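Novice: Quick one: structure below, then a few questions.
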Amino acid sequence: MKRFLTLALLLVASIVTFVPTSYATDKKYESWNAIVDEMDIILNDAYDIYFMKDINKAKDRVNNAYFGFYEKHGVERAVMSYISGKRGTDTEYQFAKIKRLMTSNAPNKVVRAEIDVILKMLHEDANELDGKKESGWSVFFASFIIIFREGLEAILVVAAISAYLVKTNNKPMLKVVYLSSLFAIFVSILTAIALHTIVGLSGANQEIMEGGAMLLATVVLFFVSNWMISKSESEAWKSYVEGKVQTAVTTGSSIALGFAAFLAVFREGAETIIFYQAMLADAKEHMDMVWYGLGIGGIILAFIFIVIRFGAIRLPLKPFFICTSVLMYIMAIAFAGGGVKELQEADIIQVTPVDFISSVEILGIYPTVETLIPQVVMVMLVIVSVLYYKFKSTNKAVSN
């Protein structure tokens with residue numbers, strides 16, 4: 001618990017420390033409509049350039065509107081916090097759709113129509129955001145949503161791994177997981193500074209970094225899930241513990257568990273810090289509500305951590321292993337979709353829309369072929385893994 005509180009305090013300290021440096025040189029806007037008005041000019045300019053057949057320069061202007069305004073000046077964060085996560089995702093994919101049409105040399109009128117769609121969406125959102133007259137409670141709710149949404153995945157992974165280690169009498173290995181989480185926060189702080197002040201990385205590079213971390217986390221979590229479910233039978237666990245050829249096996253598994261915790265926390269850490277930097281810069285007279293939202297969200301996440309970490313002790317061994325493995329599998333599948341989505345936003349992977357699918361943020365489900373395919377593959381791998389270990393367990397029981 002002390003280590004968890006340390007994680008929270010480090011996150012708060014990093015937000016406080018780097019707010020001034022990250023936004024000191026940014027242009028200030030009086031309203032969301034003022035930001036969207038500039039985006040309007042840039043996107044119309046992108047169409048004019050496309051009309052003149054300079055595709056690459058036209059796409060650069062679309063990227064400028066997205067990374068330089070929609071992300072940088074907090075429109076994305078405001079839409080996802082005050083309107084809905086789905087609306088934010090739909091807007092992101094509309095930007096991607098425009099770039100895809102430009103790349104495929106689509107007719108001018110088609111590109112024009114899609115630019116008109118994104119402009120309509122942006123102005124509708126700006127009008128709604130400006131009409132809200134940001135109250136203290138709306139700031140509180142937005143702050144709460146950020147920490148809860150961004151922190152939930154990391155807490156679930158760290159709590160599940162911690163509970164697993166306690167349940168299996170491997171408490172000494174907890175140190176690896178907690179230190180990995182602390183190190184991930186430290187790296188997140190450095191990354192947040194780098195993204196905004198040191199090297200001026202573009203939003204595209206940030207998406208690439210986050211997408212890569214999520215896809216790597218997918219592989220690690222899948223490996224950890226398989227390792228856990230392979231020990232779900234009490235006899236398998238007993239022989240594992242007794243057999244211990246310990247140093248190699250325990251060292252290997254502790255590194256994998258620690259790396260899984262690191263990736264889960266790092267993936268969320270830098271983005272959370274950046275979101276709060278933007279929120280604190282905009283909060284003005286409701287600064288206290290930002291902290292209240294962060295505090296309440298942190299307390300709820302701590303409660304979730306405690307329930308998983310200590311509640312699991314009461315569960316019998318086999319159900320515990322199975323539940324933990326299922327959670328890890330779900331997180332791996334969600335990360336597979338989320339990682340591809342980040343790379344789509346960075347224009348590394350193309351976007352092929354699937355109209356009959358709706359976004360489900362918490363499960364990493366997004367309405368594109370490219371995000372769904374790796375998730376389908378992951379589901380098939382999970383099914384094969386579960387059937388394999390079940391078959392292996394049955395055969396061992398029969399032979400005994």
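To be explicit about the labels: the chains of the structure tokens are called A, B, and onward in the order shown, and within each one the residues are counted from 1, while ligands get numbers from 1 in the order they are shown.
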Quick one: residues within 9 Å of Ala334 (chain A), only C-alpha atoms counted, chain neighbours fewer than 5 positions away excluded, as an MDAnalysis selection string?
Specialist: chainID A and resid 218 329 339 361:365 375
Novice: Just the residues within 12 Å of Gly338 (chain A), please, counting only C-alpha atoms, with nothing from its chain fewer than 4 positions along; format it as a PyMOL selection string.
Specialist: chain A and resi 89+153+207-208+210-218+267-268+331-334+342-345+359-368+370-372+374-375
Novice: Could I get the residues of region 88-131 of chain A with an atom no further than 10 Å from an atom of region 58-71 of chain A, each paired with its nearest atom pair and that distance in Å to one decimal, using only C-alpha atoms, sorted by chain and residue number, as CSV?
Specialist:
```
residue,atom,partner,partner_atom,distance
A:Thr91,CA,A:Tyr70,CA,9.6
A:Glu92,CA,A:Tyr66,CA,8.1
A:Phe95,CA,A:Val62,CA,7.2
A:Ala96,CA,A:Val62,CA,9.0
A:Ile98,CA,A:Val62,CA,8.1
A:Lys99,CA,A:Lys59,CA,5.8
A:Arg100,CA,A:Lys59,CA,9.1
A:Leu101,CA,A:Lys59,CA,9.9
A:Met102,CA,A:Lys59,CA,7.1
A:Thr103,CA,A:Lys59,CA,8.2
A:Ile115,CA,A:Val62,CA,9.6
A:Leu122,CA,A:Tyr70,CA,9.2
```
Novice: Selection from above, all heavy atoms, as a CSV table (one decimal), in the first residue's frame, can you write it?
Specialist:
```csv
chain,number,residue,atom,x,y,z
A,91,THR,N,-13.9,11.4,-34.2
A,91,THR,CA,-13.2,12.5,-34.8
A,91,THR,C,-11.8,12.1,-35.2
A,91,THR,O,-11.4,12.5,-36.3
A,91,THR,CB,-13.2,13.7,-33.7
A,91,THR,OG1,-14.5,14.0,-33.3
A,91,THR,CG2,-12.5,14.9,-34.4
A,92,GLU,N,-11.1,11.4,-34.4
A,92,GLU,CA,-9.8,10.9,-34.8
A,92,GLU,C,-9.8,10.1,-36.1
A,92,GLU,O,-9.0,10.3,-37.0
A,92,GLU,CB,-9.2,10.1,-33.7
A,92,GLU,CG,-8.8,10.8,-32.4
A,92,GLU,CD,-8.5,9.9,-31.3
A,92,GLU,OE1,-8.8,8.7,-31.3
A,92,GLU,OE2,-8.0,10.4,-30.3
A,95,PHE,N,-10.3,12.3,-39.2
A,95,PHE,CA,-9.0,12.8,-39.7
A,95,PHE,C,-8.3,11.8,-40.5
A,95,PHE,O,-7.7,12.1,-41.6
A,95,PHE,CB,-8.2,13.3,-38.5
A,95,PHE,CG,-8.4,14.7,-38.0
A,95,PHE,CD1,-9.1,14.8,-36.8
A,95,PHE,CD2,-8.0,15.8,-38.7
A,95,PHE,CE1,-9.4,16.1,-36.3
A,95,PHE,CE2,-8.3,17.1,-38.2
A,95,PHE,CZ,-8.9,17.2,-37.0
A,96,ALA,N,-8.2,10.6,-40.0
A,96,ALA,CA,-7.5,9.5,-40.7
A,96,ALA,C,-8.2,9.2,-42.0
A,96,ALA,O,-7.5,8.9,-43.0
A,96,ALA,CB,-7.5,8.2,-39.8
A,98,ILE,N,-9.7,11.2,-44.0
A,98,ILE,CA,-9.4,12.3,-45.0
A,98,ILE,C,-8.0,12.0,-45.6
A,98,ILE,O,-7.8,12.1,-46.8
A,98,ILE,CB,-9.4,13.7,-44.3
A,98,ILE,CG1,-10.9,14.0,-44.0
A,98,ILE,CG2,-8.8,14.7,-45.2
A,98,ILE,CD1,-11.0,15.2,-43.1
A,99,LYS,N,-7.0,11.7,-44.7
A,99,LYS,CA,-5.7,11.4,-45.2
A,99,LYS,C,-5.6,10.1,-46.1
A,99,LYS,O,-4.9,10.1,-47.1
A,99,LYS,CB,-4.7,11.2,-44.0
A,99,LYS,CG,-4.4,12.5,-43.3
A,99,LYS,CD,-3.4,12.3,-42.2
A,99,LYS,CE,-4.0,11.6,-41.0
A,99,LYS,NZ,-3.0,11.5,-39.9
A,100,ARG,N,-6.4,9.1,-45.7
A,100,ARG,CA,-6.5,7.9,-46.6
A,100,ARG,C,-7.0,8.2,-47.9
A,100,ARG,O,-6.5,7.7,-49.0
A,100,ARG,CB,-7.4,6.9,-45.9
A,100,ARG,CG,-7.6,5.6,-46.7
A,100,ARG,CD,-8.2,4.5,-45.8
A,100,ARG,NE,-9.5,5.0,-45.3
A,100,ARG,CZ,-10.7,4.9,-45.9
A,100,ARG,NH1,-10.7,4.4,-47.1
A,100,ARG,NH2,-11.8,5.3,-45.3
A,101,LEU,N,-8.1,9.1,-48.0
A,101,LEU,CA,-8.6,9.5,-49.3
A,101,LEU,C,-7.6,10.3,-50.1
A,101,LEU,O,-7.5,10.1,-51.4
A,101,LEU,CB,-9.9,10.3,-49.1
A,101,LEU,CG,-11.1,9.6,-48.6
A,101,LEU,CD1,-12.2,10.5,-48.2
A,101,LEU,CD2,-11.6,8.6,-49.6
A,102,MET,N,-6.9,11.1,-49.5
A,102,MET,CA,-5.8,11.9,-50.2
A,102,MET,C,-4.8,11.0,-50.7
A,102,MET,O,-4.3,11.1,-51.9
A,102,MET,CB,-5.2,12.9,-49.3
A,102,MET,CG,-6.1,14.1,-48.9
A,102,MET,SD,-5.3,15.3,-47.8
A,102,MET,CE,-6.5,16.6,-47.8
A,103,THR,N,-4.3,10.0,-49.9
A,103,THR,CA,-3.3,9.0,-50.4
A,103,THR,C,-3.8,8.2,-51.6
A,103,THR,O,-3.0,8.0,-52.5
A,103,THR,CB,-3.0,8.1,-49.2
A,103,THR,OG1,-2.5,8.8,-48.1
A,103,THR,CG2,-1.9,7.1,-49.6
A,115,ILE,N,-13.9,16.7,-45.6
A,115,ILE,CA,-13.4,17.8,-44.8
A,115,ILE,C,-14.6,18.6,-44.3
A,115,ILE,O,-14.5,19.1,-43.1
A,115,ILE,CB,-12.5,18.7,-45.7
A,115,ILE,CG1,-11.2,18.0,-46.0
A,115,ILE,CG2,-12.3,20.1,-45.1
A,115,ILE,CD1,-10.2,18.7,-46.9
A,122,LEU,N,-16.2,19.4,-35.6
A,122,LEU,CA,-15.4,20.2,-34.8
A,122,LEU,C,-16.2,21.4,-34.3
A,122,LEU,O,-16.1,21.8,-33.1
A,122,LEU,CB,-14.2,20.7,-35.6
A,122,LEU,CG,-13.1,19.6,-35.9
A,122,LEU,CD1,-12.1,20.1,-36.9
A,122,LEU,CD2,-12.5,19.1,-34.6
```
Novice: Have a look at CA of Tyr93 (chain A) and CA of Leu190 (chain A) and let me know their distance in Å, one decimal.
Specialist: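 Computing it gives 29.2 Å between the two atoms.
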Novice: Taking into account only C-alpha atoms, which residue in the set A:Ile147, A:Ile193, A:Val177, A:Leu156 is nearest to Phe259 (chain A)?
Specialist: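 Looking only at the distances to Phe259 (chain A), the closest residue turns out to be A:Val177.
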Novice: Quick one: residues within 10 Å of Val187 (chain A), only C-alpha atoms, excluding same-chain residues fewer than 2 positions away - as a VMD selection string?
Specialist: chain A and resid 181 to 185 189 to 193 262 265 to 266 269 to 270
Novice: So which one's closest to Phe335 (chain A), A:Ala154, A:Ile308, A:Ala256, A:Ile296? Using only C-alpha atoms, please.
Specialist: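 The closest residue to Phe335 (chain A) is A:Ala154.
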Novice: Could you check how far CA of Pro172 (chain A) sits from CA of Val157 (chain A), in Å to one decimal?
Specialist: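 Atom-to-atom, CA of Pro172 (chain A) to CA of Val157 (chain A), that is 18.2 Å.
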Novice: Between CA of Ile35 (chain A) and CA of Ser188 (chain A), measure the distance and give it in Å to one decimal.
Specialist: 28.0 Å
